[in-house]
Structures are given as C-alpha cells and as structure tokens.
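File shown here: target_34.txt, holding compact mmCIF, C-alpha atoms.
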# COMPACT_ATOMS: atom_id res chain seq x y z
CA MET A 1 77.24 174.04 -33.14
CA LYS A 2 76.64 173.62 -29.41
CA LEU A 3 73.12 174.04 -28.05
CA GLY A 4 74.36 176.66 -25.58
CA ALA A 5 75.75 178.77 -28.42
CA LEU A 6 72.47 178.46 -30.30
CA ILE A 7 69.98 179.32 -27.56
CA GLY A 8 72.16 180.61 -24.73
CA VAL A 9 73.96 178.71 -22.00
CA ASP A 10 71.34 179.57 -19.37
CA ALA A 11 68.47 178.32 -21.54
CA ALA A 12 70.35 175.14 -22.49
CA GLY A 13 71.27 174.34 -18.87
CA GLU A 14 73.02 171.01 -18.47
CA GLN A 15 72.66 170.37 -22.22
CA ALA A 16 74.69 173.47 -23.19
CA GLU A 17 77.50 171.33 -24.62
CA ALA A 18 75.17 169.07 -26.62
CA SER A 19 75.98 169.17 -30.35
CA VAL A 20 73.20 170.42 -32.61
CA THR A 21 73.23 168.71 -36.00
CA GLY A 22 70.08 170.16 -37.55
CA CYS A 23 66.55 171.45 -37.19
CA ALA A 24 63.33 169.63 -38.11
CA ILE A 25 59.58 170.09 -37.87
CA ASP A 26 58.85 166.56 -39.08
CA HIS A 27 59.48 163.97 -36.36
CA ARG A 28 60.37 161.42 -39.05
CA LYS A 29 63.36 163.54 -40.06
CA VAL A 30 64.81 163.90 -36.58
CA ALA A 31 68.29 162.48 -36.08
CA PRO A 32 70.58 162.63 -33.04
CA GLY A 33 71.34 166.27 -32.24
CA THR A 34 68.24 167.76 -33.88
CA VAL A 35 66.25 170.70 -32.53
CA PHE A 36 62.61 169.68 -33.05
CA GLY A 37 59.85 172.24 -33.67
CA ALA A 38 56.48 171.02 -32.38
CA PHE A 39 53.66 173.24 -33.63
CA ARG A 40 49.90 172.97 -33.56
CA GLY A 41 48.42 172.72 -37.04
CA LEU A 42 45.00 172.54 -38.61
CA ALA A 43 45.02 168.76 -39.11
CA ARG A 44 47.70 167.61 -36.66
CA ASN A 45 49.40 168.78 -33.52
CA GLY A 46 53.19 168.53 -33.68
CA GLU A 47 53.22 168.27 -29.90
CA ASP A 48 51.81 164.75 -30.32
CA PHE A 49 55.12 163.75 -31.93
CA ILE A 50 57.50 165.10 -29.28
CA ALA A 51 58.11 161.68 -27.70
CA GLY A 52 58.99 160.18 -31.09
CA ALA A 53 61.34 163.05 -31.88
CA VAL A 54 63.09 162.67 -28.53
CA GLU A 55 63.36 158.92 -29.06
CA ALA A 56 64.99 159.64 -32.45
CA GLY A 57 67.58 161.87 -30.78
CA ALA A 58 66.21 165.42 -30.49
CA VAL A 59 68.32 167.43 -28.02
CA ALA A 60 65.77 170.23 -27.71
CA VAL A 61 62.10 170.83 -28.47
CA VAL A 62 60.60 174.19 -29.40
CA ALA A 63 56.96 174.20 -28.31
CA ARG A 64 54.33 176.08 -26.36
CA PRO A 65 55.03 176.40 -22.62
CA GLU A 66 52.25 173.93 -21.77
CA ALA A 67 53.61 171.20 -24.07
CA SER A 68 54.87 168.04 -22.39
CA VAL A 69 58.59 167.47 -23.02
CA PRO A 70 60.43 164.49 -21.47
CA ALA A 71 62.99 165.13 -18.75
CA GLY A 72 66.57 165.50 -19.96
CA VAL A 73 65.54 167.30 -23.16
CA VAL A 74 65.62 171.08 -23.32
CA HIS A 75 62.15 172.59 -23.71
CA ILE A 76 62.43 175.89 -25.52
CA ALA A 77 59.07 177.19 -24.38
CA ASP A 78 57.53 180.05 -26.30
CA ALA A 79 53.95 181.22 -26.79
CA GLU A 80 54.89 181.63 -30.48
CA PRO A 81 56.98 178.48 -31.11
CA ARG A 82 57.09 178.95 -34.90
CA ARG A 83 58.77 182.32 -34.46
CA ALA A 84 61.20 180.94 -31.87
CA PHE A 85 62.03 177.97 -34.12
CA ALA A 86 62.58 180.27 -37.12
CA ARG A 87 65.05 182.36 -35.14
CA ILE A 88 66.93 179.26 -33.96
CA ALA A 89 67.04 177.79 -37.48
CA ALA A 90 68.25 181.11 -38.93
CA LYS A 91 71.08 181.21 -36.41
CA PHE A 92 71.97 177.55 -37.03
CA PHE A 93 72.03 177.91 -40.84
CA ALA A 94 73.76 181.33 -40.87
CA PRO A 95 75.11 183.07 -42.79
CA PHE A 96 72.06 183.65 -44.96
CA PRO A 97 72.55 185.43 -48.30
CA ASP A 98 71.96 189.17 -48.34
CA THR A 99 69.54 188.73 -51.24
CA THR A 100 67.10 185.84 -51.56
CA VAL A 101 64.30 185.42 -54.07
CA ALA A 102 61.56 182.79 -53.89
CA VAL A 103 59.53 181.83 -56.95
CA THR A 104 56.17 180.10 -56.50
CA GLY A 105 53.34 179.15 -58.80
CA THR A 106 52.21 176.37 -61.08
CA ASN A 107 54.30 176.78 -64.22
CA GLY A 108 57.69 178.24 -65.15
CA LYS A 109 59.43 178.24 -61.78
CA THR A 110 62.55 176.32 -62.83
CA SER A 111 63.00 178.39 -66.00
CA THR A 112 62.53 181.67 -64.13
CA VAL A 113 64.97 180.71 -61.40
CA GLU A 114 67.58 179.51 -63.88
CA MET A 115 67.34 182.74 -65.93
CA VAL A 116 67.68 184.89 -62.81
CA ARG A 117 70.64 182.81 -61.58
CA GLN A 118 72.39 183.22 -64.94
CA LEU A 119 71.65 186.97 -65.13
CA TRP A 120 73.04 187.52 -61.65
CA ARG A 121 76.11 185.49 -62.53
CA MET A 122 76.64 187.56 -65.69
CA GLN A 123 76.52 190.68 -63.51
CA GLY A 124 79.30 189.30 -61.31
CA TYR A 125 77.23 188.02 -58.39
CA ASN A 126 77.63 184.60 -56.81
CA ALA A 127 74.31 182.86 -57.39
CA ALA A 128 72.72 179.48 -56.70
CA SER A 129 69.31 177.89 -57.07
CA ILE A 130 67.65 175.26 -54.91
CA GLY A 131 64.76 173.13 -56.12
CA THR A 132 63.43 169.64 -56.60
CA LEU A 133 66.15 168.96 -59.17
CA GLY A 134 68.83 169.74 -56.61
CA VAL A 135 71.20 172.67 -56.16
CA THR A 136 72.73 174.58 -59.05
CA THR A 137 75.67 176.86 -58.43
CA THR A 138 78.56 178.21 -60.45
CA ASP A 139 82.20 177.19 -60.18
CA SER A 140 85.12 179.62 -60.19
CA GLU A 141 85.30 179.48 -64.00
CA GLY A 142 81.64 180.33 -64.52
CA ARG A 143 80.42 176.82 -65.38
CA ALA A 144 77.12 175.63 -63.92
CA GLN A 145 77.50 172.87 -61.35
CA ALA A 146 74.45 170.72 -60.56
CA VAL A 147 74.48 168.95 -57.21
CA SER A 148 71.82 166.24 -57.07
CA THR A 149 70.26 165.15 -53.82
CA GLY A 150 70.72 161.55 -54.96
CA SER A 151 67.09 160.89 -54.14
CA PRO A 152 63.93 161.40 -56.17
CA ARG A 153 62.31 162.78 -53.01
CA PRO A 154 62.97 166.35 -51.85
CA THR A 155 65.31 166.49 -48.87
CA SER A 156 63.61 169.43 -47.18
CA SER A 157 60.70 171.81 -47.43
CA LEU A 158 63.03 174.18 -49.28
CA SER A 159 63.03 171.79 -52.21
CA SER A 160 59.30 171.19 -52.46
CA PRO A 161 57.74 171.20 -55.94
CA THR A 162 55.98 174.50 -55.26
CA TRP A 163 58.99 176.40 -54.04
CA ARG A 164 62.21 177.47 -55.66
CA ALA A 165 64.83 179.78 -54.29
CA CYS A 166 67.52 181.68 -56.01
CA ALA A 167 70.02 183.53 -53.87
CA ALA A 168 72.86 185.81 -54.73
CA ARG A 169 75.48 187.63 -52.75
CA ALA A 170 77.81 190.28 -54.12

Will you turn the file into structure tokens for me?
Amino acid sequence: MKLGALIGVDAAGEQAEASVTGCAIDHRKVAPGTVFGAFRGLARNGEDFIAGAVEAGAVAVVARPEASVPAGVVHIADAEPRRAFARIAAKFFAPFPDTTVAVTGTNGKTSTVEMVRQLWRMQGYNAASIGTLGVTTTDSEGRAQAVSTGSPRPTSSLSSPTWRACAARA
C-alpha cells in the first residue's frame, strides 16, 4: 500500500508514493517501509526511539505534534497519537473480520479459543485463532490447519501469552 493511500496524498506530501510494508510501535521491529508509532509511556517515551526507527527504514512516524522527526520522514502529528496510529493500522490491515473475540486471563485461553473456533466452524462460519502457538484456521474440507510462526517468540503483540483472538466471518 502507498503512504498516500493510507494517510492521504496531502498528508504524505513528497512521500505519497512510498510503499508501506507494515506498522510497528517497537523500534526494534521496524523494517524499510514501516509506519512507526512513537507514544509516551509510563516507563519509556517512544519518541526517544524515533531516530532509530527512521534509521531502520520507517517512512512515517505517528507522534505528538511537538515530537522531533527527522527531515524526509512524514510526521503524522496528532495530539492523540495512539488513536491516529490505530486508525492507520486498521486501514493498513483491512479488511478486519465482522466478528472478533479476544480471550484474556491466566488459565484456559487456548482451550476456550479452540472450542469457540470449532463451534463457529460447525455452524458454517469461517473461523481462525491467533495465539502464541501460531494461527489455526480451517481448510475448504473442514480440517484444522496450524500455521506456525517458525519461532518460539511471538511475532507481534497479537500473539502475546496473555492474549488470544478468535475471529469469524459469515
């Protein structure tokens, strides 16, 4: 997707034709073409990592208006950068399923998600689950298909140990 299509040609300026390859809020996960979200936190300020994200290839930075962003990189300035970043990420990763369920807690998340995924599948819905064990979906013949991340480490915050998602679309 082109940056101009994601945030608007006027906002993207000279970088409107830059290819966007992903979104990240961790500067260590930025690759060429990434939109980087720099947010102030309780322990750290993501704005302190803008230079590193740009060096790694960020094409745009979502941050407060007063944040310092190097020349040549689009600064998507917003008083509420988390909200702005969420809207950009939602547009980049669209389409999002009509129904999404998140399961959190200490025990039973994987079992709960798997049961819900199977129940939805039995009712004729397309369903998938995302978690630390990878992605589970169903093939056209109704067999479960596990897609491993190939790494023992989660690949994104969506696959953290305390979060599971199960999504279905009719």

Nearest to Ala84 of chain A among A:Gly105, A:Val35, A:Ala43, A:Ile50, with distances taken over all atoms listed in the file: which residue is it?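 For Ala84 of chain A, the nearest of the given residues is A:Val35.
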
May I ask which of the residues A:Ala102, A:Val59, A:Met1, A:Ala86 is the closest one to Gly13 of chain A, counting only C-alpha atoms? A:Val59

Compare A:Arg28, A:Lys109, A:His75, A:Arg64 by their minimum atom-to-atom distance to Ala11 of chain A, counting only C-alpha atoms, and give me the closest one.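 Between A:Arg28, A:Lys109, A:His75, A:Arg64, the residue approaching Ala11 of chain A most closely is A:His75.
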
Report, in Å with one decimal, the straight-line distance from atom CA of Pro70 of chain A to atom CA of Ala89 of chain A. 21.8 Å

Name the residues, using the chain letters and numbers of the file, that sit within 10 Å of (54.9, 170.5, -37.0) when counting all atoms listed in the file, and give them as a ChimeraX atom specification. /A:24-27,36-41,44-50,63,82

Polymer residues at most 9 Å from (68.9, 162.1, -33.5) by only C-alpha atoms, as a PDB file with C-alpha atoms, keeping the file's coordinate frame:
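After the write, point.pdb holds the following:
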ATOM      1  CA  THR A  21      73.230 168.710 -36.000  1.00  0.00           C
ATOM      2  CA  LYS A  29      63.360 163.540 -40.060  1.00  0.00           C
ATOM      3  CA  VAL A  30      64.810 163.900 -36.580  1.00  0.00           C
ATOM      4  CA  ALA A  31      68.290 162.480 -36.080  1.00  0.00           C
ATOM      5  CA  PRO A  32      70.580 162.630 -33.040  1.00  0.00           C
ATOM      6  CA  GLY A  33      71.340 166.270 -32.240  1.00  0.00           C
ATOM      7  CA  THR A  34      68.240 167.760 -33.880  1.00  0.00           C
ATOM      8  CA  ALA A  53      61.340 163.050 -31.880  1.00  0.00           C
ATOM      9  CA  VAL A  54      63.090 162.670 -28.530  1.00  0.00           C
ATOM     10  CA  GLU A  55      63.360 158.920 -29.060  1.00  0.00           C
ATOM     11  CA  ALA A  56      64.990 159.640 -32.450  1.00  0.00           C
ATOM     12  CA  GLY A  57      67.580 161.870 -30.780  1.00  0.00           C
ATOM     13  CA  ALA A  58      66.210 165.420 -30.490  1.00  0.00           C
ATOM     14  CA  VAL A  59      68.320 167.430 -28.020  1.00  0.00           C
TER      15      VAL A  59
END

Pairwise distance for atom CA of Ser68 of chain A and atom CA of Pro81 of chain A, rounded to one decimal in Å: 13.8 Å

In Å, with one decimal, what is the gap from atom CA of Asp78 of chain A to atom CA of Val62 of chain A?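 Result for atom CA of Asp78 of chain A versus atom CA of Val62 of chain A: 7.3 Å, one decimal.
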